[in-house]
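Enquirer: I'm passing along query_16.txt; it holds compact mmCIF, C-alpha atoms.
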# COMPACT_ATOMS: atom_id res chain seq x y z
CA MET Y 1 -193.84 -73.17 -72.20
CA VAL Y 2 -192.72 -75.66 -74.84
CA ALA Y 3 -193.32 -73.04 -77.53
CA VAL Y 4 -191.07 -70.56 -75.73
CA LEU Y 5 -188.34 -73.17 -75.30
CA LEU Y 6 -188.58 -74.03 -79.00
CA TRP Y 7 -187.88 -70.39 -79.84
CA VAL Y 8 -184.97 -70.21 -77.41
CA VAL Y 9 -183.32 -73.43 -78.55
CA ALA Y 10 -183.85 -72.60 -82.23
CA ILE Y 11 -182.21 -69.20 -81.79
CA VAL Y 12 -179.30 -70.66 -79.79
CA MET Y 13 -178.68 -73.42 -82.35
CA THR Y 14 -178.88 -70.94 -85.22
CA ALA Y 15 -176.38 -68.71 -83.46
CA THR Y 16 -174.13 -71.75 -82.98
CA ALA Y 17 -174.33 -72.58 -86.69
CA ILE Y 18 -173.54 -68.97 -87.66
CA TRP Y 19 -170.64 -68.92 -85.19
CA ARG Y 20 -169.16 -72.09 -86.71
CA LEU Y 21 -169.70 -71.00 -90.33
CA PRO Y 22 -166.53 -68.85 -90.78
CA ALA Y 23 -164.28 -71.69 -89.60
CA ALA Y 24 -166.12 -74.16 -91.85
CA LEU Y 25 -165.55 -71.88 -94.85
CA ARG Y 26 -162.00 -70.81 -93.98
CA TYR Y 27 -160.47 -74.20 -93.25
CA LYS Y 28 -160.51 -77.28 -95.47
CA ASP Y 29 -161.32 -79.34 -92.43
CA PRO Y 30 -164.01 -82.05 -92.61
CA LEU Y 31 -164.44 -81.91 -88.82
CA ARG Y 32 -165.40 -78.24 -88.81
CA ARG Y 33 -167.65 -78.66 -91.83
CA ALA Y 34 -169.42 -81.70 -90.40
CA LEU Y 35 -169.94 -79.96 -87.06
CA TRP Y 36 -171.33 -76.89 -88.81
CA ALA Y 37 -173.62 -79.00 -91.01
CA CYS Y 38 -174.92 -80.83 -87.95
CA SER Y 39 -175.59 -77.56 -86.11
CA ALA Y 40 -177.28 -75.98 -89.12
CA ALA Y 41 -179.49 -79.00 -89.87
CA PHE Y 42 -180.48 -79.42 -86.20
CA SER Y 43 -181.40 -75.75 -86.02
CA LEU Y 44 -183.61 -76.08 -89.11
CA THR Y 45 -185.28 -79.14 -87.59
CA ILE Y 46 -186.14 -77.16 -84.46
CA TRP Y 47 -187.32 -74.17 -86.49
CA CYS Y 48 -189.78 -76.46 -88.28
CA ARG Y 49 -191.32 -77.20 -84.87
CA VAL Y 50 -191.68 -73.56 -83.78
CA PRO Y 51 -195.48 -72.96 -83.91
CA GLN Y 52 -195.32 -69.82 -86.05
CA VAL Y 53 -192.89 -71.38 -88.53
CA LYS Y 54 -194.85 -74.65 -88.62
CA THR Y 55 -198.06 -72.76 -89.35
CA ALA Y 56 -196.42 -70.72 -92.11
CA LEU Y 57 -195.05 -73.85 -93.79
CA ASP Y 58 -198.31 -75.76 -93.47
CA GLU Y 59 -200.29 -72.87 -94.97
CA SER Y 60 -198.21 -73.14 -98.13
CA PRO Y 61 -199.66 -75.02 -101.14
CA VAL Y 62 -197.98 -78.20 -99.81
CA THR Y 63 -200.01 -79.63 -96.92
CA ASP Y 64 -197.86 -80.72 -93.94
CA LEU Y 65 -194.73 -79.24 -95.50
CA SER Y 66 -193.32 -78.66 -92.01
CA ALA Y 67 -193.37 -82.40 -91.37
CA LEU Y 68 -191.44 -83.20 -94.55
CA ALA Y 69 -188.95 -80.41 -93.82
CA LYS Y 70 -188.26 -81.50 -90.24
CA TYR Y 71 -187.81 -85.15 -91.22
CA VAL Y 72 -185.43 -84.33 -94.08
CA THR Y 73 -183.34 -81.91 -91.99
CA SER Y 74 -183.14 -84.38 -89.10
CA LEU Y 75 -181.72 -87.00 -91.47
CA ILE Y 76 -179.16 -84.52 -92.78
CA ALA Y 77 -178.20 -83.64 -89.19
CA ILE Y 78 -177.66 -87.26 -88.19
CA LEU Y 79 -175.63 -87.94 -91.36
CA ALA Y 80 -173.43 -84.95 -90.53
CA ALA Y 81 -173.00 -86.34 -87.01
CA LEU Y 82 -171.84 -89.66 -88.47
CA THR Y 83 -169.35 -87.86 -90.68
CA TYR Y 84 -168.09 -85.96 -87.65
CA ILE Y 85 -167.47 -88.99 -85.45
CA ASN Y 86 -165.75 -90.93 -88.22
CA ALA Y 87 -163.46 -87.99 -88.93
CA VAL Y 88 -162.64 -87.51 -85.25
CA TYR Y 89 -162.13 -91.12 -84.26
CA GLY Y 90 -160.39 -92.49 -87.30
CA SER Y 91 -157.32 -94.65 -87.04
CA ALA Y 92 -154.16 -92.97 -85.86
CA PRO Y 93 -151.32 -92.27 -88.33
CA GLY Y 94 -149.26 -95.36 -88.83
CA GLN Y 95 -151.91 -97.62 -87.33
CA ALA Y 96 -152.36 -100.79 -89.38
CA GLU Y 97 -156.10 -100.93 -88.94
CA SER Y 98 -158.85 -99.07 -87.14
CA PRO Y 99 -160.11 -100.21 -83.74
CA ARG Y 100 -163.17 -102.44 -83.88
CA HIS Y 101 -165.61 -99.76 -82.69
CA VAL Y 102 -164.32 -97.31 -85.34
CA ALA Y 103 -164.56 -99.98 -88.05
CA VAL Y 104 -168.17 -100.73 -87.07
CA SER Y 105 -169.05 -97.02 -87.14
CA ARG Y 106 -167.44 -96.63 -90.53
CA ARG Y 107 -169.37 -99.55 -91.99
CA VAL Y 108 -172.64 -98.14 -90.69
CA SER Y 109 -171.67 -94.70 -91.96
CA ARG Y 110 -170.88 -96.04 -95.44
CA VAL Y 111 -174.25 -97.77 -95.58
CA ALA Y 112 -176.02 -94.68 -94.23
CA HIS Y 113 -174.33 -92.29 -96.63
CA GLY Y 114 -174.64 -94.70 -99.53
CA GLY Y 115 -178.39 -94.99 -99.01
CA ALA Y 116 -178.99 -91.39 -97.96
CA PHE Y 117 -179.99 -90.09 -101.37
CA ALA Y 118 -182.21 -93.09 -102.04
CA ALA Y 119 -183.84 -92.74 -98.63
CA LEU Y 120 -184.54 -89.03 -99.11
CA VAL Y 121 -185.94 -89.59 -102.58
CA THR Y 122 -188.10 -92.44 -101.27
CA LEU Y 123 -189.42 -90.29 -98.43
CA VAL Y 124 -190.32 -87.44 -100.79
CA VAL Y 125 -192.04 -89.80 -103.24
CA LEU Y 126 -194.01 -91.53 -100.47
CA PHE Y 127 -194.94 -88.16 -98.95
CA PHE Y 128 -196.48 -86.92 -102.19
CA THR Y 129 -198.04 -90.22 -103.33
CA VAL Y 130 -199.21 -92.61 -100.63
CA VAL Y 131 -199.49 -90.38 -97.55
CA ASP Y 132 -203.04 -89.12 -97.07
CA ARG Y 133 -202.62 -85.36 -96.68
CA SER Y 134 -206.18 -84.37 -97.42
CA THR Y 135 -206.32 -82.48 -94.10
CA PRO Y 136 -203.51 -80.69 -92.26
CA SER Y 137 -202.18 -82.47 -89.18
CA THR Y 138 -201.35 -81.22 -85.69
CA ASP Y 139 -198.82 -83.99 -85.11
CA PHE Y 140 -197.98 -85.79 -88.33
CA ALA Y 141 -197.20 -89.19 -86.79
CA ALA Y 142 -200.16 -89.23 -84.39
CA ASP Y 143 -202.71 -87.98 -86.92
CA HIS Y 144 -201.64 -90.56 -89.51
CA ALA Y 145 -201.23 -93.49 -87.10
CA GLY Y 146 -202.61 -96.72 -88.56
CA GLU Y 147 -202.43 -95.49 -92.18
CA TRP Y 148 -200.14 -97.78 -94.15
CA GLY Y 149 -198.72 -95.03 -96.39
CA ALA Y 150 -197.74 -92.72 -93.53
CA ALA Y 151 -196.62 -95.70 -91.45
CA LEU Y 152 -194.27 -96.82 -94.24
CA PHE Y 153 -192.99 -93.26 -94.68
CA LEU Y 154 -192.31 -92.86 -90.96
CA SER Y 155 -190.85 -96.35 -90.56
CA ILE Y 156 -188.16 -95.58 -93.14
CA GLN Y 157 -187.49 -92.22 -91.50
CA TYR Y 158 -187.35 -93.51 -87.93
CA THR Y 159 -185.39 -96.67 -88.74
CA TYR Y 160 -182.76 -94.65 -90.53
CA LEU Y 161 -182.62 -92.09 -87.73
CA SER Y 162 -182.50 -94.69 -84.96
CA ALA Y 163 -179.71 -96.74 -86.56
CA ALA Y 164 -177.54 -93.69 -87.21
CA ALA Y 165 -178.16 -92.30 -83.71
CA ALA Y 166 -177.28 -95.68 -82.17
CA THR Y 167 -173.95 -95.59 -84.01
CA CYS Y 168 -173.23 -92.08 -82.73
CA TYR Y 169 -174.13 -93.17 -79.20
CA TYR Y 170 -171.89 -96.23 -79.48
CA GLN Y 171 -168.93 -94.15 -80.61
CA TRP Y 172 -169.37 -91.14 -78.33
CA SER Y 173 -170.03 -93.21 -75.21
CA ARG Y 174 -166.82 -95.18 -75.80
CA ALA Y 175 -164.86 -92.03 -76.54
CA SER Y 176 -166.17 -90.25 -73.43
CA ARG Y 177 -164.71 -92.97 -71.20
CA ARG Y 178 -161.30 -92.44 -72.78
CA ALA Y 179 -161.36 -88.66 -73.09
CA GLU Y 180 -158.14 -86.98 -72.01
CA THR Y 181 -159.80 -83.91 -70.46
CA ARG Y 182 -162.81 -83.43 -68.22
CA ALA Y 183 -164.35 -80.92 -70.64
CA LEU Y 184 -164.18 -83.36 -73.54
CA ARG Y 185 -165.54 -86.18 -71.35
CA ILE Y 186 -168.52 -84.05 -70.28
CA GLY Y 187 -169.19 -82.89 -73.84
CA LEU Y 188 -169.10 -86.39 -75.31
CA SER Y 189 -171.30 -87.75 -72.50
CA LEU Y 190 -173.95 -85.11 -73.18
CA MET Y 191 -173.86 -85.83 -76.91
CA ALA Y 192 -174.06 -89.58 -76.25
CA THR Y 193 -177.10 -89.02 -74.02
CA ALA Y 194 -178.76 -87.07 -76.82
CA MET Y 195 -178.13 -89.93 -79.22
CA ILE Y 196 -179.51 -92.63 -76.92
CA ILE Y 197 -182.74 -90.62 -76.74
CA TYR Y 198 -182.75 -90.38 -80.53
CA THR Y 199 -182.22 -94.15 -80.66
CA VAL Y 200 -185.04 -95.16 -78.31
CA TYR Y 201 -187.65 -92.53 -79.24
CA PRO Y 202 -187.81 -93.33 -82.99
CA ALA Y 203 -188.14 -97.05 -82.18
CA VAL Y 204 -191.15 -96.27 -79.97
CA ARG Y 205 -192.65 -94.04 -82.68
CA ILE Y 206 -192.38 -96.83 -85.26
CA VAL Y 207 -194.62 -98.97 -83.05
CA THR Y 208 -197.13 -96.17 -82.44
CA VAL Y 209 -197.55 -95.33 -86.13
CA TRP Y 210 -198.49 -98.95 -86.93
CA ILE Y 211 -200.43 -99.54 -83.70
CA PRO Y 212 -202.21 -96.33 -82.59
CA THR Y 213 -202.03 -95.63 -78.86
CA GLY Y 214 -205.20 -93.57 -78.62
CA ALA Y 215 -203.31 -90.48 -77.41
CA ASP Y 216 -204.55 -87.26 -79.00
CA SER Y 217 -202.35 -85.47 -81.52
CA LEU Y 218 -201.78 -82.41 -79.33
CA THR Y 219 -200.32 -84.59 -76.56
CA MET Y 220 -198.10 -86.48 -79.00
CA ARG Y 221 -196.92 -83.22 -80.54
CA THR Y 222 -195.97 -81.93 -77.08
CA VAL Y 223 -194.08 -85.16 -76.39
CA ALA Y 224 -192.31 -85.01 -79.76
CA ASP Y 225 -191.34 -81.35 -79.31
CA SER Y 226 -190.09 -82.03 -75.77
CA VAL Y 227 -187.95 -84.95 -76.93
CA ASN Y 228 -186.43 -82.95 -79.75
CA LEU Y 229 -185.82 -80.01 -77.42
CA ALA Y 230 -184.00 -82.30 -75.01
CA VAL Y 231 -181.90 -83.84 -77.79
CA ALA Y 232 -181.04 -80.46 -79.31
CA THR Y 233 -180.13 -78.94 -75.95
CA LEU Y 234 -177.96 -81.88 -74.94
CA TRP Y 235 -176.24 -81.98 -78.31
CA VAL Y 236 -175.50 -78.27 -78.63
CA THR Y 237 -174.33 -78.10 -75.01
CA GLY Y 238 -172.10 -81.15 -75.43
CA ALA Y 239 -170.62 -79.81 -78.66
CA ALA Y 240 -170.05 -76.40 -77.08
CA VAL Y 241 -168.33 -77.55 -73.87
CA PRO Y 242 -164.85 -78.10 -75.39
CA SER Y 243 -165.20 -74.88 -77.41
CA THR Y 244 -166.24 -72.97 -74.30
CA VAL Y 245 -163.21 -74.29 -72.46
CA ALA Y 246 -161.03 -73.23 -75.40
CA ILE Y 247 -162.55 -69.73 -75.32
CA THR Y 248 -162.03 -69.56 -71.56
CA THR Y 249 -158.42 -70.63 -71.99
CA ARG Y 250 -157.92 -68.01 -74.70
CA TRP Y 251 -159.42 -65.34 -72.44
CA ALA Y 252 -157.14 -66.40 -69.56
CA THR Y 253 -154.16 -66.28 -71.93
CA TRP Y 254 -155.06 -62.77 -73.09
CA ARG Y 255 -155.49 -61.60 -69.51
CA GLY Y 256 -152.14 -63.15 -68.63
CA LEU Y 257 -150.45 -61.25 -71.45
CA ARG Y 258 -152.06 -58.03 -70.33
CA ALA Y 259 -151.14 -58.54 -66.67
CA LEU Y 260 -147.50 -59.37 -67.41
CA ARG Y 261 -146.90 -56.50 -69.83
CA PRO Y 262 -145.74 -53.87 -67.24
CA LEU Y 263 -143.39 -56.29 -65.44
CA ARG Y 264 -141.99 -57.59 -68.72
CA ASP Y 265 -141.45 -54.06 -70.07
CA ASP Y 266 -139.54 -53.01 -66.95
CA LEU Y 267 -137.26 -56.05 -67.07
CA ILE Y 268 -136.68 -56.08 -70.82
CA GLY Y 269 -136.13 -52.33 -70.70
CA HIS Y 270 -132.96 -53.06 -68.73
CA PHE Y 271 -132.11 -56.35 -70.44
CA PRO Y 272 -133.20 -55.69 -74.07
CA VAL Y 273 -131.04 -58.51 -75.41
CA LEU Y 274 -133.43 -60.99 -73.76
CA ALA Y 275 -136.43 -59.89 -75.81
CA THR Y 276 -137.67 -62.71 -78.05
CA GLN Y 277 -139.95 -60.37 -80.01
CA PRO Y 278 -140.66 -56.64 -79.90
CA ALA Y 279 -143.77 -55.56 -78.04
CA GLY Y 280 -145.81 -52.99 -79.94
CA PRO Y 281 -148.29 -50.46 -78.55
CA ARG Y 282 -150.66 -52.01 -76.05
CA ILE Y 283 -153.74 -51.82 -78.30
CA VAL Y 284 -151.87 -53.31 -81.27
CA ASP Y 285 -150.36 -55.97 -79.02
CA ALA Y 286 -153.82 -56.91 -77.70
CA LEU Y 287 -155.35 -57.21 -81.19
CA HIS Y 288 -152.38 -58.84 -82.93
CA ARG Y 289 -153.18 -62.36 -84.14
CA SER Y 290 -149.69 -63.62 -84.96
CA PRO Y 291 -148.06 -65.38 -83.29
CA GLU Y 292 -150.77 -67.17 -81.36
CA LEU Y 293 -151.67 -65.93 -77.89
CA ALA Y 294 -150.33 -69.07 -76.22
CA VAL Y 295 -146.97 -68.68 -78.01
CA ARG Y 296 -146.75 -65.02 -77.01
CA LEU Y 297 -147.61 -65.81 -73.40
CA ASP Y 298 -144.97 -68.53 -73.30
CA SER Y 299 -142.41 -66.09 -74.76
CA ARG Y 300 -143.36 -63.41 -72.24
CA THR Y 301 -143.01 -65.71 -69.24
CA GLN Y 302 -139.67 -66.94 -70.59
CA GLU Y 303 -138.42 -63.37 -71.02
CA ILE Y 304 -139.37 -62.58 -67.42
CA ALA Y 305 -137.72 -65.77 -66.16
CA ASP Y 306 -134.51 -65.00 -68.08
CA ALA Y 307 -134.44 -61.44 -66.76
CA VAL Y 308 -135.03 -62.61 -63.17
CA GLU Y 309 -132.10 -65.01 -63.61
CA GLN Y 310 -129.91 -62.06 -64.65
CA LEU Y 311 -131.03 -60.12 -61.58
CA ARG Y 312 -129.24 -62.65 -59.38
CA HIS Y 313 -126.04 -60.77 -60.32
CA HIS Y 314 -127.50 -57.57 -58.85
CA ALA Y 315 -128.93 -58.87 -55.55
CA THR Y 316 -127.20 -59.50 -52.25
CA PRO Y 317 -127.50 -62.95 -50.61
CA GLU Y 318 -129.59 -61.37 -47.82
CA LEU Y 319 -132.15 -59.75 -50.15
CA LEU Y 320 -134.42 -62.78 -50.41
CA ALA Y 321 -134.67 -63.20 -46.64
CA ALA Y 322 -135.39 -59.48 -46.24
CA SER Y 323 -138.05 -59.62 -48.96
CA THR Y 324 -139.68 -62.66 -47.35
CA LYS Y 325 -139.76 -60.93 -43.95
CA LEU Y 326 -141.26 -57.75 -45.42
CA ALA Y 327 -143.93 -59.83 -47.22
CA ASP Y 328 -145.06 -61.56 -44.01
CA GLY Y 329 -147.75 -58.95 -43.45
CA HIS Y 330 -148.96 -59.01 -47.05
CA SER Y 331 -152.24 -60.71 -48.00
CA ASP Y 332 -150.41 -62.73 -50.70
CA PRO Y 333 -146.98 -63.22 -49.11
CA ASP Y 334 -145.17 -65.58 -51.50
CA PRO Y 335 -145.70 -63.55 -54.70
CA ALA Y 336 -145.08 -60.38 -52.68
CA ALA Y 337 -141.68 -61.64 -51.54
CA GLU Y 338 -140.71 -62.36 -55.13
CA ALA Y 339 -142.01 -58.97 -56.29
CA TYR Y 340 -139.99 -57.15 -53.60
CA TRP Y 341 -136.85 -59.08 -54.56
CA ILE Y 342 -137.30 -58.30 -58.29
CA LYS Y 343 -137.97 -54.62 -57.70
CA ALA Y 344 -135.00 -54.16 -55.36
CA ALA Y 345 -132.62 -56.15 -57.56
CA LEU Y 346 -133.74 -54.25 -60.68
CA GLU Y 347 -133.14 -50.92 -58.92
CA SER Y 348 -129.62 -52.05 -58.05
CA ALA Y 349 -129.06 -53.13 -61.66
CA ARG Y 350 -130.23 -49.73 -62.93
CA ALA Y 351 -127.83 -48.06 -60.49
CA GLY Y 352 -124.96 -50.07 -61.96
CA ARG Y 353 -124.48 -52.23 -58.86
CA ARG Y 354 -123.30 -55.81 -59.28
CA SER Y 355 -122.57 -58.64 -56.85
CA ASP Y 356 -119.25 -60.40 -56.83
CA ALA Y 357 -121.16 -63.72 -57.06
CA PRO Y 358 -124.78 -64.36 -58.03
CA SER Y 359 -127.25 -64.74 -55.20
CA LYS Y 360 -129.34 -67.87 -54.67
CA ALA Y 361 -132.10 -68.47 -57.20
CA LEU Y 362 -135.66 -67.75 -56.21
CA PRO Y 363 -137.52 -70.80 -54.82
CA SER Y 364 -138.82 -73.10 -57.54
CA LYS Y 365 -142.58 -73.56 -57.88
CA PRO Y 366 -144.50 -76.68 -58.98
CA LEU Y 367 -146.08 -75.03 -62.04
CA THR Y 368 -147.18 -77.46 -64.73
CA SER Y 369 -148.19 -75.17 -67.61
CA SER Y 370 -147.52 -71.76 -69.12
CA LEU Y 371 -150.95 -70.62 -67.92
CA ALA Y 372 -150.11 -71.63 -64.36
CA GLU Y 373 -146.78 -69.85 -64.62
CA ALA Y 374 -148.47 -66.77 -66.05
CA ALA Y 375 -151.02 -66.81 -63.23
CA TRP Y 376 -148.22 -66.88 -60.67
CA LEU Y 377 -146.30 -64.09 -62.42
CA GLY Y 378 -149.54 -62.12 -62.65
CA ARG Y 379 -149.75 -62.18 -58.86
CA VAL Y 380 -146.11 -61.12 -58.67
CA ALA Y 381 -146.70 -58.32 -61.19
CA TYR Y 382 -149.71 -57.07 -59.23
CA VAL Y 383 -147.60 -56.60 -56.09
CA TYR Y 384 -144.62 -55.33 -58.12
CA ALA Y 385 -146.69 -52.41 -59.43
CA SER Y 386 -147.48 -51.28 -55.87
CA VAL Y 387 -143.98 -51.43 -54.35
CA THR Y 388 -143.15 -48.06 -52.81
CA THR Y 389 -139.89 -46.18 -52.60
CA GLU Y 390 -139.96 -46.51 -48.81
CA GLN Y 391 -140.26 -50.31 -49.08
CA LEU Y 392 -137.24 -50.38 -51.41
CA ARG Y 393 -135.20 -48.28 -48.99
CA HIS Y 394 -136.18 -50.64 -46.17
CA LEU Y 395 -135.04 -53.66 -48.21
CA HIS Y 396 -131.72 -52.07 -49.05
CA ARG Y 397 -131.16 -51.11 -45.41
CA GLN Y 398 -131.90 -54.67 -44.28
CA ALA Y 399 -130.08 -56.56 -47.05
CA GLY Y 400 -127.50 -54.07 -48.19
CA GLU Y 401 -126.73 -53.33 -51.82
CA PRO Y 402 -124.14 -54.80 -54.18
CA PRO Y 403 -121.17 -52.55 -54.84
CA ILE Y 404 -120.67 -50.45 -57.92
CA PRO Y 405 -117.79 -52.04 -59.83
CA THR Y 406 -114.73 -49.84 -60.04
CA ALA Y 407 -112.96 -49.19 -63.30
CA GLY Y 408 -110.79 -52.06 -64.37
CA LYS Y 409 -112.86 -54.74 -62.56
Please lay out the structure from this file as structure tokens.

Expert:
Amino acid sequence: MVAVLLWVVAIVMTATAIWRLPAALRYKDPLRRALWACSAAFSLTIWCRVPQVKTALDESPVTDLSALAKYVTSLIAILAALTYINAVYGSAPGQAESPRHVAVSRRVSRVAHGGAFAALVTLVVLFFTVVDRSTPSTDFAADHAGEWGAALFLSIQYTYLSAAAATCYYQWSRASRRAETRALRIGLSLMATAMIIYTVYPAVRIVTVWIPTGADSLTMRTVADSVNLAVATLWVTGAAVPSTVAITTRWATWRGLRALRPLRDDLIGHFPVLATQPAGPRIVDALHRSPELAVRLDSRTQEIADAVEQLRHHATPELLAASTKLADGHSDPDPAAEAYWIKAALESARAGRRSDAPSKALPSKPLTSSLAEAAWLGRVAYVYASVTTEQLRHLHRQAGEPPIPTAGK
């Protein structure tokens, strides 16, 4: 079971690293690059634990090469994580000095990065000189427990890893309590949980490599793989939560644009002066990348709102009450009433009818974002598309129609 999970997590983390690579290459952004480096190094660490990959590495001329590879990549991953948190939680522009927790993290990060090369070189030298690798190991730490060379090698590795992970936990746990959104709070909490495991587990392993526990190597390997699986899963899930929310928001924005297109085209077709930007063919409009989707959605909702405001000059005062009454039997009455009003008023406008004075504005709605407004207008547009000629005639019979201005008026 653990072997299967190793494959799954390794593939998922590799996919995550590949997904983040274009942004890391395209933008000169240390955040994106650090996040990609962390994902890539973590994925390599997990791959080194996959049984087939571990066996292939260990059958190379270098005995226990998989152990060296996983320890080196895990250090690179934790260094990338330190770079990421320091870039994210630096001092704000204009701030005289960083908050205490950021200053502490930066000091630890400077020490960690400053000694990274020396630590890696030391690990490699110890691995090839004082570690007894006369026979391949099942679990490197368990099989070499009690040997001073391996114990020294692992103590450096685990001390470095534990200190850096503790810093990440310290920063992410603080940040999660102050996160502005639920998605960010959940993501940071998951990443902080991963780091507390990576803080405690290495400390325990330092003790076991100096004082053997008597547990067999297969059991210790299963424990080690399970811990790393848990850490990797928590970390990649935590890092992905805000991105997933962003993707979901982008999808909702695209759907909003698509849903509002027919209503917007009808209204702007009669009031072309209100168009903020031309709408191309539907396929081109869907694939266009500039301006951003959110900007285009905001423009589309504004165009509809402006056109609806103009329709007040083409609706009788009784039209809203008639539309509300007709919508009483509809499954979604409030958007239906608005859709009936828009359709009837637009028909009057197309017929050249105009009220002597504008009718009352449609009821205001407590919408707090462009997405919420688009969702509401999407419901209106859905009903608008199904309004029948008979329903329009009924509305005009009940509410009357504005007159057609005579020449000279």

Enquirer: Check the smallest atom-to-atom distance from each of Y:Leu229, Y:Gly238, Y:Leu123, Y:Ala165 to Leu35 (chain Y) using only C-alpha atoms, then report the winner.

Expert: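 Closest to Leu35 (chain Y), using only C-alpha atoms: Y:Gly238.
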
Enquirer: Of the residues Y:Arg177, Y:Leu68, Y:Ala142, Y:Arg312, which is the one nearest to Ala215 (chain Y), using all atoms listed in the file?

Expert: Y:Ala142

Enquirer: Between CA of Ser66 (chain Y) and CA of Pro51 (chain Y), what is the distance, to one decimal in Å?

Expert: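 Calculated distance between CA of Ser66 (chain Y) and CA of Pro51 (chain Y) is 10.1 Å.
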
Enquirer: Show which residues sit within 9 Å of region 267-270 of chain Y, as a ChimeraX atom specification. Count all atoms listed in the file, and ignore same-chain residues fewer than 6 positions away.

Expert: /Y:303-304,307-308,346,349-350

Enquirer: For Ile18 (chain Y), which of Y:Ala315, Y:Leu257, Y:Cys38, Y:Leu377 is the closest residue, counting all atoms listed in the file?

Expert: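 Selected residue with least distance to Ile18 (chain Y): Y:Cys38.
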
Enquirer: Would you mind reading off the distance between CA of Ile211 (chain Y) and CA of Ser137 (chain Y), one decimal, in Å?

Expert: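 Here the two named atoms are 18.0 Å from each other.
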